[in-house]
Amino acid sequence: MPTLGNPTNTIAVLQKYNFNFQKKYGQNFLIDTHILEKIIKESAITKDDLVLEIGPGIGTMTQYLAENAREVVAVEIDKNLIPILRDTLSAYDNVTVLNEDILKVNISKIAEEKNQGKPIKVVANLPYYITTPIIMGLFESHVPLDSITIMVQKEVADRMQVGPGTKDYGALSLAVQYYAKPEIVANVPPNCFMPKPKVGSAVIKLSRYENPPVSVKKEAFLFALIRASFNQRRKTLVNGLANAGLGITKEQITEALEKMNLSPSVRGEALTLEQFAELSNILYL
């Protein structure tokens with residue numbers, strides 16, 4: 001099977017199967033071998049690794065992964081792509097394709113069965129509309145993860161690695177930085193895809209921390225607090241949290257902020273991860 005990293009071979013496969021791009025799945029297939037090689041290099045995949053690929057499409061990156069990893073499990077939601085993947089991956093005996101929705105897959109079970117519960121590496125070219133639920137799902141379910149190397153919309157990648165006081169800073173930034181060290185490893189222009197997306201993309205690597213950089217009494221409470229702080233960005237932290245149904249009063253929040261030497265009129269976007277952790281530990285009773 002010819003490698004799919006170039007446009008000619010990609011077009012040939014799509015024509016062979018009369019494939020139509022599905023808007024609802026946000027399908028954009030990579031057609032740039034340099035970017036594919038960069039993703040493989042940055043994800044540091046070796047013959048010891050089990051790789052979970054989310055959204056293999058027609059198998060472009062899957063071929064590269066199969067060459068470099070011990071085993072690949074590729075999860076594809078679009079049933080029309082399954083016969084194509086059977087064809088494009090026929091040369092590899094170390095790839096399993098699952099026609100499933102990644103948000104419903106039991107990834108811990110896959111890691112247990114195929115990797116003795118050891119951490120797996122995740123690689124994906126993610127549809128933009130579902131990036132956040134997938135990343136949060138991977139982290140919050142405490143699946144054994146080594147790293148996640150993903151192609152996402154450029155502004156989402158920026159959001160994952162920025163700090164307080166910037167307009168992109170929000171719940172996603174804090175959640176990602178609680179679980180992992182984010183690093184943008186490549187910027188990818190629209191012409192590297194077919195069809196061309198309207199926006200630029202970036203490859204970001206999230207290296208999972210063994211232990212989060214802050215310690216909290218209750219992780220779920222920390223995240224409820226963070227989400228409530230950014231739900232209404234223009235509100236002060238006191239008002240945002242008091243109205244969030246977390247069972248905490250304005251007085252308690254004001255008192256906690258005083259204890260931290262913060263003004264009662266402070267907004268969520270001004271707080272660092274460390275400050276959110278401290279606040280959640282004071283307020284969690």
# chains A, B, ... in the order shown; residues from 1 in each chain; ligands from 1

call {"tool": "closest_atom_pairs", "arguments": {"of": "stretch 74-157 of chain A", "to": "stretch 34-37 of chain A", "cutoff": "12 Å", "atoms": "only C-alpha atoms", "output": "tab-separated table"}}
result
residue	atom	partner	partner_atom	distance
A:Val123	CA	A:Leu36	CA	11.0
A:Ala124	CA	A:Leu36	CA	11.0
A:Asn125	CA	A:Leu36	CA	10.4
A:Thr149	CA	A:Leu36	CA	11.6
A:Ile150	CA	A:Leu36	CA	11.2
A:Met151	CA	A:Ile35	CA	10.0

call {"tool": "residues_around", "arguments": {"residues": "A:Asn211", "least_positions_apart": "6", "cutoff": "12 Å", "atoms": "only C-alpha atoms", "output": "number ranges by chain"}}
result
A: 142, 177-181

call {"tool": "residues_around", "arguments": {"residues": "A:Phe19", "least_positions_apart": "5", "cutoff": "10 Å", "atoms": "only C-alpha atoms", "output": "list in words"}}
result
Ile11, Val13, Leu14, Ile58, Asn80, Leu81 and Ile84 of chain A

call {"tool": "residues_around", "arguments": {"residues": "stretch 196-209 of chain A", "least_positions_apart": "4", "cutoff": "7 Å", "atoms": "only C-alpha atoms", "output": "list in words"}}
result
Asn28, Leu145, Asp146, Ser147, Ile148, Thr149, Ile150, Met151, Val152, Gln153, Lys154, Ala157, Tyr179, Ala180, Lys181, Pro182, Glu183, Ile184, Val185, Ala186, Asn187, Val188, Pro189, Pro190 and Asn191 of chain A

call {"tool": "write_last_selection", "arguments": {"atoms": "C-alpha atoms", "output": "PDB file, in the first residue's frame"}}
result
ATOM      1  CA  ASN A  28      -9.590  17.104   7.592  1.00  0.00           C
ATOM      2  CA  LEU A 145      -1.317   7.908  30.093  1.00  0.00           C
ATOM      3  CA  ASP A 146       2.264   8.735  29.254  1.00  0.00           C
ATOM      4  CA  SER A 147       1.585  11.579  26.829  1.00  0.00           C
ATOM      5  CA  ILE A 148      -0.972  12.988  24.406  1.00  0.00           C
ATOM      6  CA  THR A 149       0.388  14.390  21.134  1.00  0.00           C
ATOM      7  CA  ILE A 150      -2.400  16.032  19.207  1.00  0.00           C
ATOM      8  CA  MET A 151      -3.155  18.242  16.287  1.00  0.00           C
ATOM      9  CA  VAL A 152      -5.675  20.890  17.289  1.00  0.00           C
ATOM     10  CA  GLN A 153      -6.853  24.305  16.217  1.00  0.00           C
ATOM     11  CA  LYS A 154      -4.027  26.787  16.819  1.00  0.00           C
ATOM     12  CA  ALA A 157      -3.250  24.864  21.520  1.00  0.00           C
ATOM     13  CA  TYR A 179      -2.431  17.146  34.628  1.00  0.00           C
ATOM     14  CA  ALA A 180       0.358  17.707  32.132  1.00  0.00           C
ATOM     15  CA  LYS A 181       3.177  19.860  30.825  1.00  0.00           C
ATOM     16  CA  PRO A 182       1.955  21.399  27.527  1.00  0.00           C
ATOM     17  CA  GLU A 183       4.337  22.229  24.707  1.00  0.00           C
ATOM     18  CA  ILE A 184       3.498  23.360  21.167  1.00  0.00           C
ATOM     19  CA  VAL A 185       5.865  21.445  18.902  1.00  0.00           C
ATOM     20  CA  ALA A 186       4.687  22.535  15.436  1.00  0.00           C
ATOM     21  CA  ASN A 187       2.446  25.073  13.758  1.00  0.00           C
ATOM     22  CA  VAL A 188       0.549  23.668  10.800  1.00  0.00           C
ATOM     23  CA  PRO A 189      -0.951  25.856   8.050  1.00  0.00           C
ATOM     24  CA  PRO A 190      -4.322  24.975   6.440  1.00  0.00           C
ATOM     25  CA  ASN A 191      -2.731  23.791   3.162  1.00  0.00           C
TER      26      ASN A 191
END

call {"tool": "closest_residue", "arguments": {"among": "A:Gly170, A:Gln27, A:Leu50, A:Thr132", "to": "A:Gly117", "atoms": "only C-alpha atoms"}}
result
A:Leu50

call {"tool": "select_by_dssp", "arguments": {"residues": "stretch 71-241 of chain A", "states": "strand (DSSP E)", "output": "PyMOL selection string"}}
result
chain A and resi 71-75+95-98+120-125+145-153+180-188+193-194+201-208

call {"tool": "write_last_selection", "arguments": {"atoms": "C-alpha atoms", "output": "JSON list (two decimals), in the first residue's frame"}}
result
[["chain", "number", "residue", "atom", "x", "y", "z"],
["A", 71, "GLU", "CA", 0.83, -1.94, 18.68],
["A", 72, "VAL", "CA", -1.78, 0.61, 17.61],
["A", 73, "VAL", "CA", -5.44, 0.80, 18.56],
["A", 74, "ALA", "CA", -7.21, 3.24, 16.24],
["A", 75, "VAL", "CA", -10.69, 4.47, 17.16],
["A", 95, "VAL", "CA", -3.18, -2.42, 14.25],
["A", 96, "THR", "CA", -6.68, -2.86, 15.67],
["A", 97, "VAL", "CA", -9.40, -0.57, 14.32],
["A", 98, "LEU", "CA", -12.45, 0.06, 16.50],
["A", 120, "ILE", "CA", -0.16, 4.36, 26.85],
["A", 121, "LYS", "CA", 0.61, 7.14, 24.39],
["A", 122, "VAL", "CA", -2.24, 8.94, 22.65],
["A", 123, "VAL", "CA", -1.81, 10.48, 19.21],
["A", 124, "ALA", "CA", -4.61, 12.25, 17.36],
["A", 125, "ASN", "CA", -5.59, 14.71, 14.68],
["A", 145, "LEU", "CA", -1.32, 7.91, 30.09],
["A", 146, "ASP", "CA", 2.26, 8.73, 29.25],
["A", 147, "SER", "CA", 1.59, 11.58, 26.83],
["A", 148, "ILE", "CA", -0.97, 12.99, 24.41],
["A", 149, "THR", "CA", 0.39, 14.39, 21.13],
["A", 150, "ILE", "CA", -2.40, 16.03, 19.21],
["A", 151, "MET", "CA", -3.15, 18.24, 16.29],
["A", 152, "VAL", "CA", -5.68, 20.89, 17.29],
["A", 153, "GLN", "CA", -6.85, 24.30, 16.22],
["A", 180, "ALA", "CA", 0.36, 17.71, 32.13],
["A", 181, "LYS", "CA", 3.18, 19.86, 30.83],
["A", 182, "PRO", "CA", 1.96, 21.40, 27.53],
["A", 183, "GLU", "CA", 4.34, 22.23, 24.71],
["A", 184, "ILE", "CA", 3.50, 23.36, 21.17],
["A", 185, "VAL", "CA", 5.86, 21.44, 18.90],
["A", 186, "ALA", "CA", 4.69, 22.53, 15.44],
["A", 187, "ASN", "CA", 2.45, 25.07, 13.76],
["A", 188, "VAL", "CA", 0.55, 23.67, 10.80],
["A", 193, "PHE", "CA", -4.85, 19.26, 5.04],
["A", 194, "MET", "CA", -7.52, 18.02, 2.69],
["A", 201, "SER", "CA", -3.55, 24.24, 13.47],
["A", 202, "ALA", "CA", -0.81, 23.27, 15.88],
["A", 203, "VAL", "CA", 0.62, 20.05, 17.23],
["A", 204, "ILE", "CA", 0.79, 20.16, 21.02],
["A", 205, "LYS", "CA", 2.38, 17.56, 23.26],
["A", 206, "LEU", "CA", 0.94, 17.07, 26.74],
["A", 207, "SER", "CA", 3.38, 15.14, 28.93],
["A", 208, "ARG", "CA", 1.49, 13.67, 31.86]]

call {"tool": "atom_distance", "arguments": {"atom1": "atom CA of A:Tyr169", "atom2": "atom CA of A:Pro133"}}
result
17.2 Å

call {"tool": "atom_distance", "arguments": {"atom1": "atom CA of A:Ile253", "atom2": "atom CA of A:Val216"}}
result
17.1 Å

call {"tool": "atom_distance", "arguments": {"atom1": "atom CA of A:Ser90", "atom2": "atom CA of A:Gly5"}}
result
16.5 Å

call {"tool": "residues_around", "arguments": {"residues": "A:Thr249", "least_positions_apart": "5", "cutoff": "10 Å", "atoms": "only C-alpha atoms", "output": "MDAnalysis selection string"}}
result
chainID A and resid 238:239 241:243 254:255 283

call {"tool": "closest_residue", "arguments": {"among": "A:Ile248, A:Ile226, A:Lys218, A:Leu126", "to": "A:Leu172", "atoms": "only C-alpha atoms"}}
result
A:Ile226

call {"tool": "residues_around", "arguments": {"residues": "A:Asn68", "least_positions_apart": "3", "cutoff": "10 Å", "atoms": "only C-alpha atoms", "output": "CSV table (one decimal) with C-alpha atoms, in the first residue's frame"}}
result
chain,number,residue,atom,x,y,z
A,40,ILE,CA,6.1,10.6,15.3
A,41,LYS,CA,9.3,12.2,16.5
A,44,ALA,CA,8.7,9.6,21.1
A,45,ILE,CA,7.1,6.4,20.1
A,46,THR,CA,9.2,3.2,20.4
A,47,LYS,CA,8.6,-0.5,19.8
A,48,ASP,CA,7.7,-0.8,23.5
A,49,ASP,CA,4.6,1.4,23.1
A,51,VAL,CA,-0.5,3.8,21.0
A,62,THR,CA,-1.8,5.1,11.4
A,63,GLN,CA,0.7,3.8,8.9
A,64,TYR,CA,3.5,5.9,10.4
A,65,LEU,CA,2.4,4.8,13.9
A,71,GLU,CA,0.8,-1.9,18.7
A,72,VAL,CA,-1.8,0.6,17.6

call {"tool": "select_by_dssp", "arguments": {"residues": "stretch 202-236 of chain A", "states": "alpha helix (DSSP H)", "output": "MDAnalysis selection string"}}
result
chainID A and resid 219:231

call {"tool": "write_last_selection", "arguments": {"atoms": "C-alpha atoms", "output": "PDB file, in the first residue's frame"}}
result
ATOM      1  CA  GLU A 219      -9.827  17.289  42.761  1.00  0.00           C
ATOM      2  CA  ALA A 220     -13.471  17.364  41.642  1.00  0.00           C
ATOM      3  CA  PHE A 221     -14.104  20.425  43.838  1.00  0.00           C
ATOM      4  CA  LEU A 222     -11.081  22.227  42.390  1.00  0.00           C
ATOM      5  CA  PHE A 223     -12.436  21.727  38.872  1.00  0.00           C
ATOM      6  CA  ALA A 224     -15.963  22.728  39.821  1.00  0.00           C
ATOM      7  CA  LEU A 225     -14.464  25.906  41.261  1.00  0.00           C
ATOM      8  CA  ILE A 226     -12.394  26.583  38.146  1.00  0.00           C
ATOM      9  CA  ARG A 227     -15.331  25.996  35.789  1.00  0.00           C
ATOM     10  CA  ALA A 228     -17.589  28.273  37.835  1.00  0.00           C
ATOM     11  CA  SER A 229     -14.914  31.004  37.835  1.00  0.00           C
ATOM     12  CA  PHE A 230     -14.804  31.122  34.038  1.00  0.00           C
ATOM     13  CA  ASN A 231     -18.467  30.468  33.264  1.00  0.00           C
TER      14      ASN A 231
END

call {"tool": "closest_residue", "arguments": {"among": "A:Leu271, A:Leu4, A:Ile54, A:Ile82", "to": "A:Ile102", "atoms": "only C-alpha atoms"}}
result
A:Ile54
